[in-house]
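For reference, work.txt (compact mmCIF, C-alpha atoms):
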# COMPACT_ATOMS: atom_id res chain seq x y z
CA MET A 1340 -25.24 33.60 8.58
CA PHE A 1341 -24.36 30.06 7.61
CA ARG A 1342 -23.49 31.12 4.06
CA THR A 1343 -21.20 33.81 5.48
CA ILE A 1344 -19.51 31.28 7.77
CA LEU A 1345 -19.12 28.89 4.87
CA HIS A 1346 -17.58 31.57 2.67
CA MET A 1347 -15.15 32.67 5.41
CA ALA A 1348 -14.18 29.09 6.16
CA TYR A 1349 -13.40 28.45 2.50
CA ARG A 1350 -11.34 31.64 2.19
CA ASN A 1351 -9.41 30.97 5.41
CA ALA A 1352 -8.82 27.27 4.66
CA PHE A 1353 -6.89 28.22 1.54
CA LEU A 1354 -5.58 31.57 2.80
CA ARG A 1355 -2.05 30.13 3.03
CA LYS A 1356 -2.05 28.37 -0.32
CA SER A 1357 1.32 26.65 0.00
CA ARG A 1358 0.41 25.23 3.42
CA ALA A 1359 -3.01 24.08 2.24
CA ILE A 1360 -1.61 22.50 -0.94
CA LEU A 1361 1.02 20.58 1.02
CA LEU A 1362 -1.65 19.23 3.39
CA VAL A 1363 -3.97 18.24 0.53
CA LEU A 1364 -1.09 16.52 -1.27
CA MET A 1365 -0.10 14.70 1.91
CA ILE A 1366 -3.65 13.43 2.45
CA GLY A 1367 -4.16 12.54 -1.21
CA LEU A 1368 -0.86 10.72 -1.68
CA SER A 1369 -1.17 8.87 1.63
CA MET A 1370 -4.70 7.77 0.80
CA GLY A 1371 -3.81 6.84 -2.78
CA VAL A 1372 -0.90 4.64 -1.70
CA MET A 1373 -2.94 3.10 1.13
CA VAL A 1374 -5.88 2.24 -1.15
CA GLY A 1375 -3.48 0.88 -3.76
CA LEU A 1376 -1.80 -1.41 -1.21
CA GLU A 1377 -5.18 -2.61 0.09
CA GLY A 1378 -6.31 -3.46 -3.42
CA LEU A 1379 -3.01 -5.16 -4.22
CA TYR A 1380 -2.97 -7.36 -1.11
CA ASP A 1381 -6.66 -8.24 -1.46
CA GLY A 1382 -6.20 -8.94 -5.15
CA MET A 1383 -3.25 -11.24 -4.46
CA SER A 1384 -5.20 -13.38 -1.98
CA ILE A 1385 -8.41 -13.33 -4.06
CA HIS A 1386 -6.60 -14.46 -7.21
CA MET A 1387 -4.80 -17.25 -5.33
CA ILE A 1388 -8.07 -18.51 -3.85
CA ASP A 1389 -9.86 -18.22 -7.19
CA LYS A 1390 -7.19 -20.19 -9.08
CA THR A 1391 -7.03 -22.86 -6.38
CA MET A 1392 -10.80 -23.28 -6.56
CA ARG A 1393 -10.77 -23.47 -10.35
CA SER A 1394 -7.85 -25.89 -10.56
CA ASP A 1395 -8.85 -28.20 -7.73
CA SER A 1396 -11.56 -28.06 -5.09
CA GLY A 1397 -14.22 -25.65 -6.35
CA ASN A 1398 -16.43 -24.30 -3.57
CA LEU A 1399 -17.14 -27.86 -2.40
CA SER A 1400 -15.52 -31.25 -2.87
CA LEU A 1401 -16.90 -34.73 -2.22
CA PHE A 1402 -14.74 -37.69 -1.18
CA ALA A 1403 -15.31 -41.25 -0.06
CA LYS A 1404 -15.10 -41.78 3.69
CA LYS A 1405 -11.50 -42.25 4.90
CA TYR A 1406 -10.02 -41.26 1.51
CA ARG A 1407 -8.54 -38.00 2.73
CA LEU A 1408 -7.06 -39.70 5.81
CA GLU A 1409 -5.48 -42.69 4.07
CA ASN A 1410 -5.17 -41.44 0.47
CA ASP A 1411 -5.95 -44.93 -0.81
CA ILE A 1412 -7.88 -45.54 -4.04
CA LYS A 1413 -9.80 -48.36 -2.44
CA TYR A 1414 -11.86 -45.57 -0.85
CA HIS A 1415 -13.36 -44.29 -4.07
CA ILE A 1416 -16.71 -42.99 -5.34
CA ASP A 1417 -18.69 -45.40 -7.53
CA ASN A 1418 -20.99 -44.21 -10.32
CA ALA A 1419 -19.52 -40.71 -10.11
CA ASN A 1420 -21.22 -39.66 -13.34
CA GLU A 1421 -24.69 -40.25 -11.87
CA LYS A 1422 -23.83 -38.34 -8.70
CA VAL A 1423 -22.44 -35.44 -10.73
CA ASP A 1424 -25.59 -35.33 -12.88
CA THR A 1425 -27.71 -35.13 -9.70
CA ILE A 1426 -25.55 -32.30 -8.31
CA ARG A 1427 -25.63 -30.33 -11.57
CA LYS A 1428 -29.44 -30.20 -11.38
CA LEU A 1429 -29.29 -28.19 -8.14
CA ARG A 1430 -30.15 -24.54 -8.67
CA GLU A 1431 -27.22 -23.35 -6.54
CA VAL A 1432 -24.64 -25.29 -8.60
CA ARG A 1433 -22.93 -23.68 -11.59
CA TYR A 1434 -20.97 -26.78 -12.59
CA ALA A 1435 -19.66 -30.05 -11.18
CA LEU A 1436 -17.16 -32.65 -12.38
CA TRP A 1437 -15.31 -35.70 -11.13
CA ARG A 1438 -11.64 -36.63 -11.12
CA ILE A 1439 -9.58 -39.65 -10.19
CA GLU A 1440 -6.20 -39.40 -8.50
CA THR A 1441 -3.41 -41.73 -7.40
CA SER A 1442 -0.02 -41.25 -5.80
CA GLY A 1443 3.16 -42.72 -7.16
CA LEU A 1444 6.59 -41.98 -8.53
CA ALA A 1445 7.41 -39.85 -11.59
CA GLN A 1446 10.72 -40.82 -13.20
CA THR A 1447 13.00 -39.74 -15.99
CA ALA A 1448 16.32 -41.27 -17.02
CA ARG A 1449 18.15 -39.22 -14.36
CA LYS A 1450 15.65 -38.07 -11.76
CA SER A 1451 12.60 -39.26 -9.86
CA LYS A 1452 10.11 -37.46 -7.61
CA PRO A 1453 7.03 -38.47 -5.63
CA ALA A 1454 4.03 -37.23 -7.61
CA LYS A 1455 0.36 -37.79 -8.21
CA LEU A 1456 -1.43 -38.68 -11.41
CA ILE A 1457 -4.81 -37.01 -11.90
CA GLY A 1458 -7.34 -38.19 -14.43
CA ILE A 1459 -9.42 -35.39 -15.91
CA ASP A 1460 -11.74 -34.54 -18.77
CA ILE A 1461 -10.42 -31.43 -20.52
CA GLU A 1462 -13.82 -30.12 -21.63
CA ASP A 1463 -15.21 -30.54 -18.11
CA GLU A 1464 -12.20 -28.70 -16.69
CA LYS A 1465 -12.63 -25.84 -19.14
CA ARG A 1466 -16.28 -25.37 -18.19
CA PHE A 1467 -15.52 -25.79 -14.51
CA GLY A 1468 -12.53 -23.50 -14.07
CA LYS A 1469 -11.23 -22.19 -17.42
CA PHE A 1470 -8.52 -24.84 -17.40
CA ASP A 1471 -6.92 -23.55 -20.61
CA GLU A 1472 -5.78 -20.41 -18.72
CA PHE A 1473 -3.30 -22.53 -16.75
CA PHE A 1474 -1.23 -23.58 -19.75
CA LYS A 1475 2.27 -22.12 -19.55
CA GLU A 1476 3.62 -24.12 -22.49
CA GLY A 1477 1.98 -26.47 -24.98
CA LYS A 1478 -1.69 -26.95 -25.92
CA PRO A 1479 -4.73 -28.46 -24.17
CA ASP A 1480 -4.58 -31.68 -26.18
CA PHE A 1481 -3.39 -35.00 -24.78
CA GLY A 1482 -2.97 -36.69 -28.14
CA ARG A 1483 -1.50 -40.17 -27.81
CA ASN A 1484 0.20 -41.04 -24.50
CA GLY A 1485 0.15 -37.34 -23.60
CA VAL A 1486 0.42 -35.87 -20.12
CA PHE A 1487 0.30 -32.36 -18.65
CA VAL A 1488 2.85 -31.56 -15.93
CA GLY A 1489 2.90 -28.94 -13.15
CA ASN A 1490 5.60 -26.34 -13.80
CA GLU A 1491 7.54 -26.88 -10.55
CA LEU A 1492 7.58 -30.65 -11.06
CA ALA A 1493 8.75 -30.07 -14.62
CA LYS A 1494 11.65 -27.97 -13.29
CA LYS A 1495 12.68 -30.60 -10.76
CA LEU A 1496 12.57 -33.42 -13.34
CA LYS A 1497 13.97 -31.14 -16.07
CA LEU A 1498 11.03 -31.83 -18.34
CA HIS A 1499 10.03 -29.84 -21.40
CA ILE A 1500 7.54 -30.29 -24.23
CA GLY A 1501 8.22 -33.66 -25.82
CA SER A 1502 10.07 -35.17 -22.85
CA LYS A 1503 9.24 -38.68 -21.73
CA VAL A 1504 8.30 -39.52 -18.14
CA ILE A 1505 7.38 -42.82 -16.50
CA PHE A 1506 4.82 -42.93 -13.72
CA THR A 1507 4.73 -45.92 -11.37
CA THR A 1508 1.89 -46.63 -8.95
CA GLN A 1509 -0.13 -49.40 -7.31
CA ASP A 1510 -3.50 -50.34 -8.79
CA SER A 1511 -6.68 -51.46 -7.04
CA ARG A 1512 -5.47 -55.09 -7.09
CA LEU A 1513 -2.27 -54.05 -5.23
CA GLU A 1514 -0.15 -54.72 -8.30
CA ILE A 1515 2.57 -52.37 -9.52
CA GLN A 1516 1.72 -50.58 -12.74
CA SER A 1517 3.86 -48.29 -14.88
CA VAL A 1518 2.96 -46.09 -17.79
CA ALA A 1519 5.22 -44.21 -20.22
CA LEU A 1520 3.97 -40.74 -21.03
CA LYS A 1521 5.01 -37.85 -23.26
CA VAL A 1522 4.83 -34.27 -22.00
CA LYS A 1523 2.35 -32.29 -24.10
CA ALA A 1524 1.97 -29.22 -21.89
CA ILE A 1525 3.30 -27.57 -18.74
CA LEU A 1526 0.78 -25.96 -16.36
CA HIS A 1527 1.06 -23.16 -13.83
CA THR A 1528 -1.99 -23.08 -11.56
CA THR A 1529 -0.39 -21.22 -8.57
CA ASN A 1530 -1.70 -24.14 -6.49
CA ILE A 1531 1.53 -25.43 -4.91
CA ASN A 1532 0.04 -28.87 -4.35
CA LEU A 1533 -0.54 -29.25 -8.10
CA ASP A 1534 2.39 -27.31 -9.51
CA GLU A 1535 4.93 -29.30 -7.47
CA ARG A 1536 3.43 -32.79 -7.74
CA ALA A 1537 0.71 -33.17 -10.39
CA LEU A 1538 0.60 -34.89 -13.75
CA PHE A 1539 -2.69 -34.88 -15.68
CA LEU A 1540 -3.91 -37.46 -18.18
CA PRO A 1541 -7.32 -38.56 -19.55
CA ARG A 1542 -9.69 -39.83 -16.89
CA GLU A 1543 -10.62 -43.03 -18.73
CA ARG A 1544 -7.00 -44.03 -19.19
CA LEU A 1545 -6.22 -43.66 -15.50
CA ASN A 1546 -9.30 -45.75 -14.66
CA THR A 1547 -7.93 -48.51 -16.88
CA LEU A 1548 -4.42 -48.19 -15.41
CA LEU A 1549 -5.76 -48.56 -11.87
CA ALA A 1550 -8.09 -51.45 -12.83
CA LEU A 1551 -11.10 -49.55 -11.56
CA PRO A 1552 -14.65 -49.67 -12.95
CA LYS A 1553 -15.70 -47.00 -15.42
CA ASN A 1554 -17.00 -43.72 -13.88
CA THR A 1555 -15.04 -44.28 -10.68
CA ALA A 1556 -13.74 -41.12 -8.98
CA THR A 1557 -11.77 -40.07 -5.94
CA GLN A 1558 -13.11 -36.50 -5.97
CA ILE A 1559 -16.22 -34.66 -7.11
CA ALA A 1560 -15.69 -30.90 -7.29
CA VAL A 1561 -18.58 -28.42 -7.24
CA MET A 1562 -18.60 -24.75 -8.27
CA SER A 1563 -21.55 -22.91 -6.77
CA THR A 1564 -23.54 -19.84 -7.80
CA THR A 1565 -24.39 -18.87 -4.23
CA ASN A 1566 -22.42 -17.27 -1.43
CA ASP A 1567 -24.21 -19.47 1.09
CA VAL A 1568 -21.83 -22.40 0.58
CA PRO A 1569 -22.53 -23.98 4.03
CA LEU A 1570 -26.21 -24.33 3.08
CA LEU A 1571 -25.29 -25.99 -0.21
CA GLN A 1572 -22.89 -28.23 1.70
CA LYS A 1573 -25.73 -29.43 3.96
CA GLN A 1574 -27.97 -29.97 0.94
CA ILE A 1575 -25.40 -32.14 -0.87
CA GLN A 1576 -24.51 -33.97 2.34
CA THR A 1577 -28.20 -34.91 2.69
CA LEU A 1578 -28.21 -36.25 -0.87
CA PHE A 1579 -25.03 -38.33 -0.31
CA PRO A 1580 -24.74 -39.13 3.40
CA LYS A 1581 -22.06 -41.80 2.77
CA LEU A 1582 -19.63 -39.24 1.31
CA ASP A 1583 -17.54 -36.52 2.94
CA VAL A 1584 -18.53 -33.05 1.72
CA LYS A 1585 -15.88 -30.42 2.41
CA ARG A 1586 -15.85 -26.67 1.79
CA PHE A 1587 -12.87 -24.87 0.30
CA VAL A 1588 -11.94 -23.31 3.66
CA GLU A 1589 -11.83 -26.79 5.19
CA LEU A 1590 -9.57 -28.12 2.46
CA TYR A 1591 -7.28 -25.07 2.27
CA PRO A 1592 -7.32 -23.40 5.70
CA GLN A 1593 -3.89 -21.86 5.06
CA LEU A 1594 -5.26 -19.72 2.22
CA LYS A 1595 -8.08 -18.46 4.44
CA GLN A 1596 -5.53 -17.64 7.15
CA MET A 1597 -3.42 -15.79 4.58
CA GLN A 1598 -6.48 -13.75 3.54
CA ASP A 1599 -7.21 -12.90 7.19
CA LEU A 1600 -3.56 -11.93 7.70
CA MET A 1601 -3.73 -9.60 4.69
CA SER A 1602 -6.87 -8.03 6.14
CA ILE A 1603 -5.10 -7.39 9.46
CA PHE A 1604 -2.13 -5.86 7.64
CA ASN A 1605 -4.48 -3.60 5.68
CA GLN A 1606 -6.13 -2.45 8.93
CA ILE A 1607 -2.73 -1.62 10.44
CA THR A 1608 -1.76 0.34 7.31
CA PHE A 1609 -5.12 2.13 7.39
CA PHE A 1610 -4.64 3.11 11.04
CA ILE A 1611 -1.11 4.44 10.45
CA VAL A 1612 -2.18 6.53 7.46
CA MET A 1613 -5.17 7.97 9.35
CA VAL A 1614 -2.91 8.95 12.26
CA VAL A 1615 -0.66 10.77 9.78
CA VAL A 1616 -3.69 12.53 8.28
CA PHE A 1617 -4.93 13.51 11.75
CA ILE A 1618 -1.54 14.97 12.72
CA GLY A 1619 -1.35 16.85 9.42
CA ILE A 1620 -4.77 18.47 9.76
CA LEU A 1621 -4.17 19.21 13.45
CA GLY A 1622 -0.88 20.95 12.70
CA VAL A 1623 -2.33 23.11 9.93
CA MET A 1624 -5.43 24.07 11.92
CA TYR A 1625 -3.45 24.88 15.06
CA VAL A 1626 -0.97 27.09 13.18
CA SER A 1627 -3.81 28.69 11.24
CA ILE A 1628 -5.60 29.66 14.46
CA LEU A 1629 -2.41 31.02 16.01
CA ASP A 1630 -1.91 33.17 12.90
CA ARG A 1631 -5.44 34.59 13.29
CA ILE A 1632 -5.59 34.83 17.07
CA ARG A 1633 -6.09 38.62 16.99
CA GLU A 1634 -8.87 38.24 14.41
CA PHE A 1635 -10.75 35.80 16.61
CA GLY A 1636 -10.19 38.02 19.64
CA ILE A 1637 -11.78 41.00 17.87
CA LEU A 1638 -14.73 38.89 16.71
CA LEU A 1639 -15.35 37.68 20.27
CA SER A 1640 -15.03 41.20 21.70
CA ILE A 1641 -17.73 42.59 19.40
CA GLY A 1642 -20.15 39.83 20.38
CA TYR A 1643 -19.52 37.24 17.68
CA ALA A 1644 -20.73 33.96 19.16
CA TYR A 1645 -18.16 31.31 20.00
CA ARG A 1646 -20.37 28.65 18.38
CA ASN A 1647 -20.02 30.48 15.05
CA ILE A 1648 -16.24 30.48 15.37
CA ARG A 1649 -16.35 26.77 16.25
CA LEU A 1650 -18.48 26.07 13.17
CA GLN A 1651 -16.11 28.08 11.00
CA VAL A 1652 -13.04 26.21 12.26
CA LEU A 1653 -14.82 22.89 11.81
CA THR A 1654 -15.78 23.79 8.25
CA GLU A 1655 -12.20 24.81 7.46
CA ALA A 1656 -10.92 21.43 8.65
CA LEU A 1657 -13.57 19.61 6.58
CA PHE A 1658 -12.68 21.65 3.49
CA LEU A 1659 -9.04 20.63 3.78
CA GLY A 1660 -9.78 17.01 4.67
CA LEU A 1661 -12.35 16.46 1.92
CA THR A 1662 -10.19 18.16 -0.72
CA GLY A 1663 -7.38 15.78 0.18
CA TYR A 1664 -9.88 12.91 0.11
CA LEU A 1665 -11.03 13.79 -3.42
CA LEU A 1666 -7.42 13.89 -4.59
CA GLY A 1667 -6.86 10.54 -2.86
CA VAL A 1668 -9.89 9.04 -4.64
CA LEU A 1669 -8.52 10.10 -8.03
CA LEU A 1670 -5.02 8.80 -7.26
CA GLY A 1671 -6.39 5.60 -5.71
CA LEU A 1672 -8.65 4.87 -8.68
CA ALA A 1673 -5.81 5.55 -11.10
CA PHE A 1674 -3.43 3.32 -9.13
CA LEU A 1675 -5.95 0.50 -8.73
CA GLY A 1676 -7.13 0.79 -12.33
CA TYR A 1677 -3.58 0.32 -13.57
CA LEU A 1678 -2.86 -2.59 -11.21
CA THR A 1679 -6.19 -4.25 -12.02
CA TYR A 1680 -5.61 -4.11 -15.76
CA TYR A 1681 -1.82 -4.42 -16.09
CA GLY A 1682 -0.84 -5.78 -12.69
CA LEU A 1683 2.45 -5.38 -10.84
CA ASP A 1684 5.16 -7.21 -12.78
CA LEU A 1685 7.59 -8.94 -10.43
CA SER A 1686 9.18 -11.23 -13.01
CA ILE A 1687 12.63 -10.78 -11.48
CA PHE A 1688 11.31 -12.60 -8.39
CA ALA A 1689 9.29 -15.16 -10.40
CA GLU A 1690 11.20 -18.22 -9.22
CA GLY A 1691 10.93 -17.33 -5.55
CA MET A 1692 7.28 -16.33 -5.84
CA SER A 1693 6.30 -19.55 -7.59
CA THR A 1694 7.48 -21.56 -4.58
CA PHE A 1695 4.81 -19.76 -2.55
CA GLY A 1696 2.13 -20.30 -5.19
CA LEU A 1697 2.22 -16.72 -6.47
CA ASP A 1698 2.12 -15.40 -10.02
CA SER A 1699 5.00 -13.24 -11.19
CA THR A 1700 2.39 -10.57 -12.00
CA ILE A 1701 0.12 -9.53 -9.13
CA TYR A 1702 -3.24 -7.98 -9.94
CA ALA A 1703 -5.22 -5.69 -7.66
CA THR A 1704 -8.94 -5.58 -6.98
CA ILE A 1705 -11.21 -2.56 -6.48
CA LYS A 1706 -13.75 -2.42 -3.65
CA THR A 1707 -16.00 0.52 -2.81
CA GLY A 1708 -15.33 -0.26 0.85
CA TYR A 1709 -11.81 1.17 0.50
CA PHE A 1710 -13.19 4.62 -0.30
CA VAL A 1711 -16.20 4.52 2.04
CA SER A 1712 -14.13 3.62 5.11
CA THR A 1713 -11.51 6.23 4.19
CA PHE A 1714 -14.20 8.91 3.76
CA PHE A 1715 -15.55 8.40 7.27
CA ALA A 1716 -12.04 8.11 8.71
CA ILE A 1717 -11.04 11.47 7.22
CA ILE A 1718 -14.24 13.08 8.51
CA ILE A 1719 -13.48 11.76 12.00
CA ALA A 1720 -9.82 12.84 11.74
CA SER A 1721 -10.95 16.34 10.70
CA LEU A 1722 -13.35 16.58 13.64
CA LEU A 1723 -10.79 15.37 16.16
CA SER A 1724 -8.07 17.66 14.82
CA ILE A 1725 -9.95 20.83 15.83
CA ILE A 1726 -10.42 19.88 19.49
CA LEU A 1727 -7.05 21.27 20.64
CA PRO A 1728 -7.27 24.50 18.57
CA LEU A 1729 -10.81 25.12 19.83
CA ARG A 1730 -9.70 24.68 23.43
CA LYS A 1731 -7.09 27.34 22.73
CA LEU A 1732 -9.78 29.66 21.35
CA LYS A 1733 -12.15 29.07 24.24
CA LYS A 1734 -9.56 30.23 26.74
CA LEU A 1735 -9.02 33.51 24.88
CA ASN A 1736 -9.47 36.76 26.75
CA PRO A 1737 -10.45 39.15 23.90
CA ILE A 1738 -9.17 42.30 25.66
CA GLU A 1739 -5.74 40.82 26.39
CA VAL A 1740 -5.45 39.41 22.86
CA ILE A 1741 -6.15 42.80 21.26
CA ARG A 1742 -3.81 44.60 23.69
CA ASN A 1743 -0.96 42.12 23.18
CA SER A 1744 -1.38 42.24 19.40
CA GLN A 1745 -0.90 46.01 19.18
Please express the file's structure as structure tokens.
Amino acid sequence: MFRTILHMAYRNAFLRKSRAILLVLMIGLSMGVMVGLEGLYDGMSIHMIDKTMRSDSGNLSLFAKKYRLENDIKYHIDNANEKVDTIRKLREVRYALWRIETSGLAQTARKSKPAKLIGIDIEDEKRFGKFDEFFKEGKPDFGRNGVFVGNELAKKLKLHIGSKVIFTTQDSRLEIQSVALKVKAILHTTNINLDERALFLPRERLNTLLALPKNTATQIAVMSTTNDVPLLQKQIQTLFPKLDVKRFVELYPQLKQMQDLMSIFNQITFFIVMVVVFIGILGVMYVSILDRIREFGILLSIGYAYRNIRLQVLTEALFLGLTGYLLGVLLGLAFLGYLTYYGLDLSIFAEGMSTFGLDSTIYATIKTGYFVSTFFAIIIASLLSIILPLRKLKKLNPIEVIRNSQ
């Protein structure tokens, strides 16, 4: 009996081919676009967070007490190299490095802007966060008196490769120090804090400029291999109780809020699309039952059980819903595959996007959760869509239906 019901449901689901094809296309296109948007929004936030971690904080950052409140180099970390070596030995740590940073004024012959000078080791930065990927112009080589400049700061000061810039700051002895530097590269990290204000030079040279002891740092950044970052935070805090240990979400709460906002937007989009799918299946099933009202009346009059009719209608709805789902999976995978590999090129809005810390090309991400949640949502939509048509069938009087149909 079940095989007969299944066969009838399949035949009836696609009895009106044009109507069935339109419904399947509607479900497939809606799902494909929805999944593509989810992947695009998630990819945008994930890439921003990833680049911010790699260019600055890592999963964890260590600072001297009061440094983040007063931003004064007198609150620095001594013997940073020894502390970093200790952290690197932890099993949960992929890599760790230290940097030194000071605030001051970047000047050219015509312009000046508040900025910060960050002392780094290029090889450490490459191992930590693939630093060479951030180079927009120039090469990862300081040479003599070289400096790397954030792209937005370079625009404001009208700097290009080979330009000269003077940085003025106060050293640890409260004396004013200036250094003349030559631009060797321009960086684009999508981290607004760095792109708009940062200049990078060798760590040892900045230590000398600030009259600080060797291996002094203002920040130790840690990249972990574990998802349990709070546990690693407690572990490192136990090792260095005199330092502040902060997670990425504590240093950049706005990026976490943006990610949560994107998630809410995706849920709203998901709900709207599922409502459209529900209405589409409901409309097709209701019209389909009205077209076959005499057929159902005859079946009921000869003793065909209502539960069999209910199962047949349910199976028809599932056939249509799942066919649309399979089309949506193919379209969604194609859409996401393209956006993951090539990205969405928005170069015409590059200048505006860079002010928000966004790349001109946005890449998507693919998660199995997109397709799993959609699968169950379409199953539920298919089940709910047959409630009204089945109520119509249950109220049928077989004799009157046959008489009125003649």
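Interatomic distance, atom CA of A:Trp1437 to atom CA of A:Leu1570: 21.2 Å.
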Between A:Ala1419, A:Ile1726, A:Leu1661, A:Val1374, single out the one closest to A:Gly1622, counting all atoms listed in the file. A:Ile1726
Residue neighbourhood A:Phe1506, 10 Å, only C-alpha atoms, exclusion window fewer than 5 positions, as a list of chain:residue names: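 Everything that qualifies: A:Ser1442, A:Gly1443, A:Leu1444, A:Ala1445, A:Gln1446, A:Thr1447, A:Ser1451, A:Lys1452, A:Pro1453, A:Ala1454, A:Lys1455, A:Leu1456, A:Gln1516, A:Ser1517, A:Val1518, A:Ala1519, A:Leu1520, A:Leu1538.
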Quick one: pull the distance between atom CA of A:Tyr1702 and atom CA of A:Ala1673, Å, one decimal.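 Taking atom CA of A:Tyr1702 and atom CA of A:Ala1673, their separation equals 13.8 Å.
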List every protein, DNA or RNA residue with an atom no more than 10 Å from (-5.9, 10.5, 8.7) in the file's coordinates, counting all atoms listed in the file, and format the result as JSON, numbers by chain. {"A": [1365, 1366, 1369, 1370, 1609, 1610, 1611, 1612, 1613, 1614, 1615, 1616, 1617, 1618, 1619, 1620, 1660, 1664, 1713, 1714, 1715, 1716, 1717, 1718, 1719, 1720, 1721, 1724]}
Excluding same-chain residues fewer than 5 positions from A:Leu1675, what lies within 8 Å of it counting only C-alpha atoms, as a ChimeraX atom specification? /A:1374-1375,1378-1379,1703-1705
